[in-house]
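Asker: Structure file target_36.cif, mmCIF, C-alpha atoms and all ligand atoms, is pasted below:
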data_structure
loop_
_atom_site.label_atom_id
_atom_site.label_comp_id
_atom_site.auth_asym_id
_atom_site.auth_seq_id
_atom_site.Cartn_x
_atom_site.Cartn_y
_atom_site.Cartn_z
CA MET H 29 112.79 127.16 68.04
CA ILE H 30 115.04 127.24 71.08
CA GLY H 31 117.44 124.84 69.38
CA ALA H 32 117.56 127.01 66.22
CA ARG H 33 118.41 130.15 68.26
CA HIS H 34 121.28 128.26 69.95
CA ARG H 35 122.73 127.19 66.61
CA SER H 36 122.67 130.68 65.03
CA THR H 37 124.51 132.34 67.95
CA ALA H 38 127.13 129.64 68.48
CA GLY H 39 130.05 131.43 66.69
CA PRO H 40 133.67 130.14 66.91
CA ALA H 41 133.61 129.69 70.72
CA GLY H 42 130.28 127.85 70.46
CA GLY H 43 131.79 125.69 67.69
CA ALA H 44 134.76 124.75 69.89
CA LEU H 45 132.42 123.90 72.72
CA LEU H 46 130.37 121.77 70.35
CA LEU H 47 133.53 119.91 69.27
CA LEU H 48 134.49 119.32 72.89
CA LEU H 49 131.03 117.99 73.69
CA LEU H 50 131.14 115.75 70.62
CA ALA H 51 134.57 114.44 71.63
CA ALA H 52 133.30 113.72 75.15
CA ALA H 53 130.21 111.95 73.78
CA THR H 54 132.38 109.87 71.43
CA ALA H 55 134.70 108.95 74.30
CA ARG H 56 131.69 107.91 76.37
CA ALA H 57 130.26 105.87 73.51
CA ALA H 58 133.59 104.09 73.09
CA ALA H 59 133.89 103.22 76.79
CA PRO H 60 133.47 99.48 77.32
CA ALA H 61 130.03 98.43 78.56
CA ALA H 62 129.87 97.01 82.08
CA PRO H 63 130.41 93.26 81.76
CA LEU H 64 127.41 90.94 82.18
CA ASN H 65 127.33 87.60 83.99
CA VAL H 66 129.56 88.84 86.81
CA ARG H 67 128.64 87.58 90.29
CA THR H 68 128.40 90.46 92.74
CA PRO H 69 127.96 89.95 96.49
CA VAL H 70 125.17 92.20 97.78
CA GLY H 71 123.04 92.69 100.90
CA TYR H 72 123.45 94.06 104.37
CA ALA H 73 122.72 91.08 106.63
CA GLU H 74 122.55 93.26 109.70
CA LYS H 75 119.11 92.01 110.65
CA GLU H 76 118.19 88.36 110.82
CA GLU H 77 115.76 88.56 107.91
CA GLU H 78 117.92 90.51 105.47
CA TRP H 79 119.16 88.50 102.52
CA HIS H 80 122.74 88.61 101.36
CA GLY H 81 124.26 86.60 98.57
CA GLU H 82 125.39 86.72 94.97
CA VAL H 83 123.54 88.52 92.21
CA VAL H 84 124.37 87.87 88.57
CA HIS H 85 123.41 90.63 86.15
CA LEU H 86 122.14 88.80 83.07
CA SER H 87 120.91 91.53 80.76
CA TRP H 88 119.65 95.11 80.38
CA LYS H 89 117.18 94.27 77.61
CA PRO H 90 115.24 92.80 79.30
CA ARG H 91 116.44 94.00 82.72
CA ALA H 92 117.20 90.60 84.27
CA PHE H 93 119.13 89.54 87.38
CA LEU H 94 119.75 86.16 88.97
CA TYR H 95 119.83 85.85 92.78
CA LYS H 96 121.84 82.74 93.66
CA ASN H 97 120.57 80.54 96.51
CA PHE H 98 117.74 82.92 97.32
CA LEU H 99 115.67 80.14 98.91
CA THR H 100 116.93 77.47 101.27
CA ASP H 101 116.48 73.79 100.51
CA GLU H 102 113.90 73.57 103.33
CA GLU H 103 111.88 76.47 101.89
CA CYS H 104 111.81 74.82 98.43
CA GLU H 105 110.69 71.51 99.92
CA HIS H 106 108.06 73.21 102.09
CA ILE H 107 106.41 74.94 99.13
CA LYS H 108 106.45 71.81 96.95
CA ALA H 109 104.93 69.69 99.73
CA LYS H 110 102.23 72.31 100.36
CA ALA H 111 101.38 72.54 96.64
CA THR H 112 101.36 68.78 96.01
CA GLY H 113 97.79 67.56 96.08
CA GLN H 114 96.28 70.83 94.90
CA LEU H 115 97.95 71.14 91.49
CA ARG H 116 95.63 71.80 88.53
CA LYS H 117 96.28 72.27 84.81
CA SER H 118 97.63 75.84 84.36
CA SER H 119 95.59 78.42 82.44
CA VAL H 120 96.45 81.64 80.59
CA VAL H 121 94.90 85.13 80.71
CA ASP H 122 92.85 86.07 77.63
CA ASN H 123 94.36 89.30 76.22
CA GLU H 124 90.94 90.78 75.35
CA THR H 125 88.66 89.74 78.21
CA GLY H 126 91.30 89.40 80.94
CA GLU H 127 89.63 86.11 82.00
CA GLU H 128 91.54 82.88 82.68
CA ARG H 129 91.21 80.19 80.03
CA ASP H 130 92.73 76.84 79.15
CA SER H 131 95.38 76.79 76.41
CA GLU H 132 97.89 74.35 74.94
CA VAL H 133 100.39 77.22 75.02
CA ARG H 134 100.84 76.37 78.69
CA THR H 135 100.88 72.71 79.71
CA SER H 136 102.23 72.79 83.28
CA SER H 137 100.16 72.20 86.40
CA GLY H 138 100.03 74.72 89.21
CA THR H 139 98.36 76.31 92.19
CA PHE H 140 98.18 79.65 94.03
CA PHE H 141 98.69 80.54 97.69
CA ASP H 142 97.28 83.67 99.29
CA LYS H 143 99.77 86.23 100.47
CA GLY H 144 101.04 85.34 103.93
CA ALA H 145 99.59 81.82 103.53
CA ASP H 146 101.95 80.59 106.23
CA GLU H 147 105.03 81.82 108.06
CA VAL H 148 107.49 80.40 105.49
CA ILE H 149 105.68 82.02 102.58
CA ALA H 150 105.31 85.32 104.47
CA ARG H 151 109.05 85.33 105.18
CA ILE H 152 109.87 84.71 101.50
CA GLU H 153 107.48 87.51 100.50
CA ARG H 154 109.31 89.94 102.79
CA ARG H 155 112.64 88.82 101.31
CA VAL H 156 111.36 89.34 97.76
CA ALA H 157 110.19 92.84 98.80
CA GLN H 158 113.61 93.57 100.25
CA VAL H 159 115.60 92.72 97.12
CA THR H 160 113.12 94.09 94.56
CA MET H 161 112.64 97.23 96.68
CA LEU H 162 108.89 97.01 96.13
CA PRO H 163 106.46 96.45 99.02
CA VAL H 164 104.77 93.14 99.82
CA ASP H 165 101.50 95.03 99.21
CA ASN H 166 102.33 95.15 95.49
CA GLN H 167 102.80 91.37 95.20
CA GLU H 168 100.22 88.88 93.96
CA GLY H 169 99.85 85.62 95.87
CA LEU H 170 102.45 82.93 95.22
CA GLN H 171 102.00 80.90 92.05
CA VAL H 172 103.59 77.42 92.15
CA LEU H 173 104.17 75.50 88.91
CA LYS H 174 105.31 71.96 88.15
CA TYR H 175 106.58 70.85 84.71
CA VAL H 176 107.31 67.23 83.72
CA ASP H 177 107.40 65.13 80.52
CA GLY H 178 108.00 67.93 78.03
CA GLN H 179 105.59 70.40 79.65
CA LYS H 180 106.28 74.03 78.71
CA TYR H 181 105.01 77.59 78.55
CA GLU H 182 105.39 79.15 75.11
CA PRO H 183 106.68 82.75 74.66
CA HIS H 184 104.46 85.33 76.34
CA TYR H 185 104.58 88.61 78.25
CA ASP H 186 103.76 88.95 81.95
CA TYR H 187 102.35 92.48 81.45
CA PHE H 188 98.66 92.76 80.69
CA PHE H 189 96.92 93.89 77.50
CA ASP H 190 93.37 93.97 78.92
CA ALA H 191 91.99 96.81 81.09
CA LYS H 192 90.50 94.59 83.82
CA ASN H 193 93.83 93.29 85.08
CA GLN H 194 95.37 96.77 85.12
CA ALA H 195 92.61 98.30 87.27
CA GLU H 196 93.66 100.35 90.32
CA SER H 197 92.31 97.71 92.71
CA GLU H 198 94.52 95.18 90.91
CA GLY H 199 97.61 97.30 91.54
CA GLY H 200 97.90 98.55 87.94
CA GLN H 201 100.31 96.96 85.49
CA ARG H 202 102.79 94.24 86.51
CA ILE H 203 106.29 95.70 86.77
CA VAL H 204 108.51 92.82 87.93
CA THR H 205 108.45 89.03 87.87
CA ALA H 206 110.39 87.18 90.59
CA LEU H 207 110.70 83.56 89.50
CA MET H 208 112.06 81.18 92.13
CA TYR H 209 113.21 77.70 91.16
CA LEU H 210 112.24 74.95 93.61
CA ALA H 211 113.99 72.07 91.82
CA THR H 212 116.78 71.44 89.31
CA PRO H 213 115.50 69.57 86.23
CA GLU H 214 117.96 67.17 84.66
CA GLU H 215 117.36 68.43 81.13
CA GLY H 216 115.43 71.37 79.63
CA GLY H 217 113.09 73.66 81.57
CA GLU H 218 115.21 76.78 80.92
CA THR H 219 113.54 80.18 81.15
CA VAL H 220 114.33 81.76 77.79
CA PHE H 221 114.02 85.35 76.49
CA PRO H 222 113.95 84.93 72.70
CA ASP H 223 114.07 88.70 71.99
CA ALA H 224 116.82 89.62 74.46
CA ALA H 225 119.52 91.93 73.15
CA VAL H 226 122.33 89.64 74.37
CA ALA H 227 122.81 85.89 74.25
CA GLY H 228 124.20 84.26 77.38
CA PRO H 229 126.46 81.21 77.63
CA GLN H 230 125.02 78.28 75.65
CA GLU H 231 126.70 75.26 77.28
CA GLY H 232 124.38 72.62 78.64
CA LEU H 233 121.23 74.23 77.21
CA SER H 234 118.47 72.35 75.39
CA ALA H 235 117.79 73.30 71.74
CA CYS H 236 114.79 75.48 72.69
CA ALA H 237 117.02 77.63 74.92
CA ARG H 238 119.59 78.42 72.25
CA VAL H 239 117.57 81.35 70.90
CA GLY H 240 118.26 84.58 72.79
CA LEU H 241 119.10 84.62 76.48
CA ALA H 242 118.38 81.57 78.64
CA ASN H 243 118.59 80.82 82.33
CA LYS H 244 119.00 77.25 83.49
CA PRO H 245 116.94 76.52 86.62
CA TYR H 246 118.84 75.60 89.77
CA LYS H 247 117.00 74.81 92.99
CA GLY H 248 116.92 77.88 95.25
CA ASP H 249 117.89 80.49 92.61
CA MET H 250 115.58 83.40 91.79
CA LEU H 251 115.36 85.06 88.38
CA VAL H 252 114.09 88.65 88.51
CA PHE H 253 113.09 90.49 85.33
CA TYR H 254 111.18 93.65 84.53
CA SER H 255 108.08 93.86 82.34
CA LEU H 256 108.25 97.67 82.31
CA THR H 257 111.10 99.95 81.30
CA PRO H 258 112.40 102.55 83.79
CA GLY H 259 110.13 105.01 81.92
CA GLY H 260 107.07 102.91 82.72
CA GLU H 261 106.50 101.57 79.18
CA THR H 262 105.84 97.88 78.60
CA ASP H 263 109.10 96.22 77.53
CA PRO H 264 108.72 93.82 74.56
CA SER H 265 112.19 92.38 75.23
CA SER H 266 110.68 90.75 78.36
CA LEU H 267 109.00 88.15 76.11
CA HIS H 268 109.85 84.81 77.77
CA ALA H 269 109.03 81.12 77.79
CA SER H 270 109.62 77.98 79.79
CA CYS H 271 111.36 75.46 77.52
CA PRO H 272 110.02 71.90 77.65
CA THR H 273 111.23 70.02 80.73
CA LEU H 274 112.78 66.99 79.02
CA LYS H 275 114.11 64.99 81.96
CA GLY H 276 113.37 65.27 85.67
CA GLU H 277 111.01 67.81 87.24
CA LYS H 278 110.94 71.57 87.10
CA TRP H 279 109.18 73.40 89.94
CA SER H 280 108.91 77.16 90.18
CA ALA H 281 107.27 79.71 92.47
CA THR H 282 106.42 83.06 90.92
CA LYS H 283 105.79 86.44 92.48
CA TRP H 284 104.27 88.95 90.08
CA ILE H 285 104.73 92.45 91.43
CA HIS H 286 102.59 95.42 90.42
CA VAL H 287 103.28 99.15 90.26
CA SER H 288 101.01 99.68 93.31
CA GLY H 289 99.08 97.71 95.93
CA PHE H 290 97.51 94.50 94.61
CA ARG H 291 93.96 94.00 95.95
CA THR H 292 94.86 95.90 99.11
CA SER H 293 92.88 99.11 98.60
CA ALA H 294 90.89 100.02 101.70
CA ASP H 295 87.59 99.13 99.99
CA VAL H 296 88.72 95.68 98.95
CA MET H 297 90.17 94.94 102.38
CA LYS H 298 87.08 96.27 104.13
CA ALA H 299 84.84 94.08 102.03
CA LYS H 300 87.04 91.11 102.80
CA TRP H 301 87.53 91.64 106.50
CA ALA H 302 84.47 93.72 107.36
CA GLY H 303 86.61 96.51 108.75
CA CYS H 304 88.96 94.34 110.79
CA VAL H 305 92.11 95.47 108.97
CA ASP H 306 95.61 96.81 109.57
CA GLN H 307 96.35 100.12 107.88
CA SER H 308 100.09 99.49 107.62
CA GLU H 309 102.08 96.47 106.54
CA HIS H 310 104.26 97.10 109.65
CA CYS H 311 101.40 96.51 112.12
CA ALA H 312 102.32 92.90 112.87
CA ALA H 313 105.96 93.82 113.55
CA TRP H 314 104.94 96.77 115.76
CA ALA H 315 102.51 94.57 117.67
CA ALA H 316 105.23 91.97 118.21
CA THR H 317 107.45 94.58 119.87
CA GLY H 318 104.75 95.71 122.32
CA GLU H 319 103.45 98.82 120.54
CA CYS H 320 99.80 97.78 121.16
CA ASP H 321 100.40 98.59 124.84
CA ARG H 322 103.01 101.31 124.55
CA ASN H 323 101.23 103.28 121.82
CA ALA H 324 97.66 102.13 122.44
CA ALA H 325 95.68 105.00 120.91
CA TYR H 326 97.56 105.00 117.60
CA MET H 327 97.59 101.22 117.36
CA ALA H 328 93.85 100.96 118.12
CA ALA H 329 93.17 103.28 115.21
CA SER H 330 95.67 101.82 112.74
CA CYS H 331 96.44 98.22 113.69
CA ARG H 332 93.21 96.72 115.03
CA LEU H 333 93.82 93.32 113.49
CA ALA H 334 97.44 92.98 114.65
CA CYS H 335 96.53 94.10 118.19
CA GLY H 336 93.73 91.54 118.35
CA LEU H 337 91.07 94.23 118.83
CA CYS H 338 88.71 92.64 116.32
CA THR H 339 88.14 89.35 114.52
CA PRO H 340 88.16 89.22 110.71
CA GLN H 341 84.68 88.36 109.43
CA ALA H 342 83.48 87.39 105.98
CA LYS H 343 81.70 90.15 104.04
CA GLY H 344 78.25 90.83 105.45
CA GLU H 345 78.92 89.43 108.92
CA GLN H 346 79.27 91.67 111.94
CA PRO H 347 82.82 92.18 113.19
CA ALA H 348 83.40 91.34 116.83
CA PRO H 349 83.23 94.43 119.08
CA PRO H 350 86.67 95.80 119.91
CA ALA H 351 88.06 94.85 123.31
CA PRO H 352 88.26 97.78 125.77
CA LEU H 353 91.56 99.62 125.61
CA GLU H 354 93.83 99.87 128.59
CA SER H 355 94.60 103.48 129.32
O1 LIG H 401 108.74 78.73 84.60
C1 LIG H 401 109.32 79.53 83.87
O2 LIG H 401 110.51 79.45 83.59
C2 LIG H 401 108.53 80.64 83.25
C3 LIG H 401 107.20 80.79 83.92
C4 LIG H 401 106.44 81.89 83.30
O3 LIG H 401 106.78 82.37 82.29
C5 LIG H 401 105.26 82.42 83.93
O4 LIG H 401 104.72 81.77 84.84
O5 LIG H 401 104.85 83.52 83.50
#
Would you encode the structure as structure tokens?
Ligand SMILES: O=C(O)CCC(=O)C(=O)O

Answerer:
Amino acid sequence: MIGARHRSTAGPAGGALLLLLLAAATARAAAPAAPLNVRTPVGYAEKEEEWHGEVVHLSWKPRAFLYKNFLTDEECEHIKAKATGQLRKSSVVDNETGEERDSEVRTSSGTFFDKGADEVIARIERRVAQVTMLPVDNQEGLQVLKYVDGQKYEPHYDYFFDAKNQAESEGGQRIVTALMYLATPEEGGETVFPDAAVAGPQEGLSACARVGLANKPYKGDMLVFYSLTPGGETDPSSLHASCPTLKGEKWSATKWIHVSGFRTSADVMKAKWAGCVDQSEHCAAWAATGECDRNAAYMAASCRLACGLCTPQAKGEQPAPPAPLES
């Protein structure tokens, strides 16, 4: 109705305005799109932990970016060594039940590490949070995968179809995947988006990767892509696969990031740590700079774990009594 009233009162001046607007829209439509595959240096690097380096914008559909040399050689080797010995055949999530099950769609082997499993992993998690601009709280634990001898993961989405995995305590839907490469396979192993709107450069790709947009794994690089559109809808163009690793080894470490805190709600944490929890992800950093003494009352209420005022206990056990506070 509002639109109809506008049209009937437009008159000659309104018509001229309409023509101007149309001309402007046409000019905008004709403007060249920003080029893809350009390496852009980003980052601040003012603090020791801040990452700076080159980011390559790969595509808008899906929204995909490549962070060059995101991990150091030592970090890649550390994760592989830690995972070796606990690798198991990878499973998939059943779209209806949300339960894990075996499938020939995915033939790699892999393992998971809890968040903050060690200092190296915790540092990488903070770096991933920095560049994705989403808190560590929203990340799942680190998934490590190894592919050899033609192993692959056929096209799939990282967003969930079942209700269980989108529950509030699970952080809701997955929004971003941060896929870090821990090795450079000699042949194959590309991450491919068969339904991407643009095709990237094809040189050096295996046959599987010549459909849609592909990224060739290089040790240390991180591929970041979005499962949700900026409007919060699931994005079907994020369909992706790991092409068969034909020669050499492919290793990857994945961070799936949710729209809100993953298994960090107060209830879940309380059950896990029997009340011995930090209320803020900054507690450890505050404690390290002396806030437990300087700001004792606040820290005793909000950062009991980081200030060492209690001991985490398994569910059902009694937490240790808090140490007396210095005034
Ligand atoms: O390893 C890859 O390139 C893709 C891995 C993947 O699709 C996944 O773990 O969801």

Asker: Point out the residue among H:Ser288, H:Thr205, H:Ser280, H:Ser270 with the least atom-to-atom distance to H:Arg91, counting all atoms listed in the file.

Answerer: H:Thr205

Asker: Tell me, in Å to one decimal, how far atom CA of H:His268 is from atom CA of H:Glu78.

Answerer: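 It comes out at 29.4 Å.
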
Asker: Around ligand LIG 401 (chain H), at most 7 Å away and counting all atoms listed in the file, which residues are there? Put them as a PyMOL selection string, please.

Answerer: chain H and resi 181+186+217-219+268-270+280+282

Asker: Considering all atoms listed in the file, give me a table of residues in stretch 160-226 of chain H that are at most 8 Å from stretch 125-132 of chain H, with the closest atom pair and distance in Å for each, as CSV.

Answerer:
residue,atom,partner,partner_atom,distance
H:Phe189,CA,H:Gly126,CA,8.0
H:Asp190,CA,H:Gly126,CA,5.4
H:Ala191,CA,H:Gly126,CA,7.4
H:Lys192,CA,H:Gly126,CA,6.0
H:Asn193,CA,H:Gly126,CA,6.2

Asker: Would you please work out which residue, of H:Pro229, H:Lys278, H:Phe141, H:Thr135, is nearest to H:Leu64 when using only C-alpha atoms?

Answerer: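 The answer is H:Pro229, which sits nearest to H:Leu64.
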
Asker: Tell me, in Å to one decimal, how far atom CA of H:Asp249 is from atom CA of H:Leu233.

Answerer: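 These two atoms are separated by 17.0 Å.
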
Asker: Could you list, as a ChimeraX atom specification, every residue within 10 Å of H:Ser255, counting all atoms listed in the file and ignoring same-chain residues fewer than 5 positions away?

Answerer: /H:90-92,185-188,201-205,260-267,284-286

Asker: Nearest to H:Ala281: which of H:Asp306, H:Glu82, H:Glu168, H:Glu77 is it, counting all atoms listed in the file?

Answerer: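 Answer, going by the shortest atom-to-atom distance: H:Glu168.
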
Asker: Dump as a Markdown table the rows for residues of stretch 250-336 of chain H within 10 Å of stretch 150-161 of chain H: closest atom pair and distance in Å with one decimal, all atoms listed in the file counted, ordered by chain and rising residue number.

Answerer:
| residue | atom | partner | partner_atom | distance |
| --- | --- | --- | --- | --- |
| H:Met250 | CA | H:Val156 | CA | 9.4 |
| H:Val252 | CA | H:Thr160 | CA | 8.2 |
| H:Phe253 | CA | H:Thr160 | CA | 9.9 |
| H:Lys283 | CA | H:Val156 | CA | 8.2 |
| H:Ile285 | CA | H:Thr160 | CA | 9.1 |

Asker: Which distance in Å separates atom CA of H:Asp177 and atom CA of H:Lys247, to one decimal?

Answerer: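 Value for the atom CA of H:Asp177-atom CA of H:Lys247 distance: 18.5 Å.
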
Asker: Which residues are near H:Ala315? Cut-off 10 Å, all atoms listed in the file, ignore same chain within fewer than 2 positions. Put them as a compact mmCIF listing (two decimals) with C-alpha atoms, keeping the file's coordinate frame.

Answerer:
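Output (result.txt):
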# COMPACT_ATOMS: atom_id res chain seq x y z
CA HIS H 310 104.26 97.10 109.65
CA CYS H 311 101.40 96.51 112.12
CA ALA H 312 102.32 92.90 112.87
CA ALA H 313 105.96 93.82 113.55
CA THR H 317 107.45 94.58 119.87
CA GLY H 318 104.75 95.71 122.32
CA GLU H 319 103.45 98.82 120.54
CA CYS H 320 99.80 97.78 121.16
CA ASP H 321 100.40 98.59 124.84
CA ARG H 322 103.01 101.31 124.55
CA ASN H 323 101.23 103.28 121.82
CA MET H 327 97.59 101.22 117.36
CA CYS H 331 96.44 98.22 113.69
CA ARG H 332 93.21 96.72 115.03
CA LEU H 333 93.82 93.32 113.49
CA ALA H 334 97.44 92.98 114.65
CA CYS H 335 96.53 94.10 118.19
CA GLY H 336 93.73 91.54 118.35

Asker: Quick one: residues within 12 Å of H:Ser87, all atoms listed in the file counted, chain neighbours fewer than 6 positions away excluded, as a PDB file with C-alpha atoms, in the frame of the given file?

Answerer:
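result_27.pdb was written with the following content:
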ATOM      1  CA  ALA H  61     130.030  98.430  78.560  1.00  0.00           C
ATOM      2  CA  ALA H  62     129.870  97.010  82.080  1.00  0.00           C
ATOM      3  CA  PRO H  63     130.410  93.260  81.760  1.00  0.00           C
ATOM      4  CA  LEU H  64     127.410  90.940  82.180  1.00  0.00           C
ATOM      5  CA  ASN H  65     127.330  87.600  83.990  1.00  0.00           C
ATOM      6  CA  VAL H  66     129.560  88.840  86.810  1.00  0.00           C
ATOM      7  CA  PHE H  93     119.130  89.540  87.380  1.00  0.00           C
ATOM      8  CA  LEU H  94     119.750  86.160  88.970  1.00  0.00           C
ATOM      9  CA  PHE H 221     114.020  85.350  76.490  1.00  0.00           C
ATOM     10  CA  ASP H 223     114.070  88.700  71.990  1.00  0.00           C
ATOM     11  CA  ALA H 224     116.820  89.620  74.460  1.00  0.00           C
ATOM     12  CA  ALA H 225     119.520  91.930  73.150  1.00  0.00           C
ATOM     13  CA  VAL H 226     122.330  89.640  74.370  1.00  0.00           C
ATOM     14  CA  ALA H 227     122.810  85.890  74.250  1.00  0.00           C
ATOM     15  CA  GLY H 228     124.200  84.260  77.380  1.00  0.00           C
ATOM     16  CA  GLY H 240     118.260  84.580  72.790  1.00  0.00           C
ATOM     17  CA  LEU H 241     119.100  84.620  76.480  1.00  0.00           C
ATOM     18  CA  ALA H 242     118.380  81.570  78.640  1.00  0.00           C
ATOM     19  CA  ASN H 243     118.590  80.820  82.330  1.00  0.00           C
ATOM     20  CA  LEU H 251     115.360  85.060  88.380  1.00  0.00           C
ATOM     21  CA  VAL H 252     114.090  88.650  88.510  1.00  0.00           C
ATOM     22  CA  PHE H 253     113.090  90.490  85.330  1.00  0.00           C
ATOM     23  CA  TYR H 254     111.180  93.650  84.530  1.00  0.00           C
ATOM     24  CA  SER H 265     112.190  92.380  75.230  1.00  0.00           C
ATOM     25  CA  SER H 266     110.680  90.750  78.360  1.00  0.00           C
TER      26      SER H 266
END
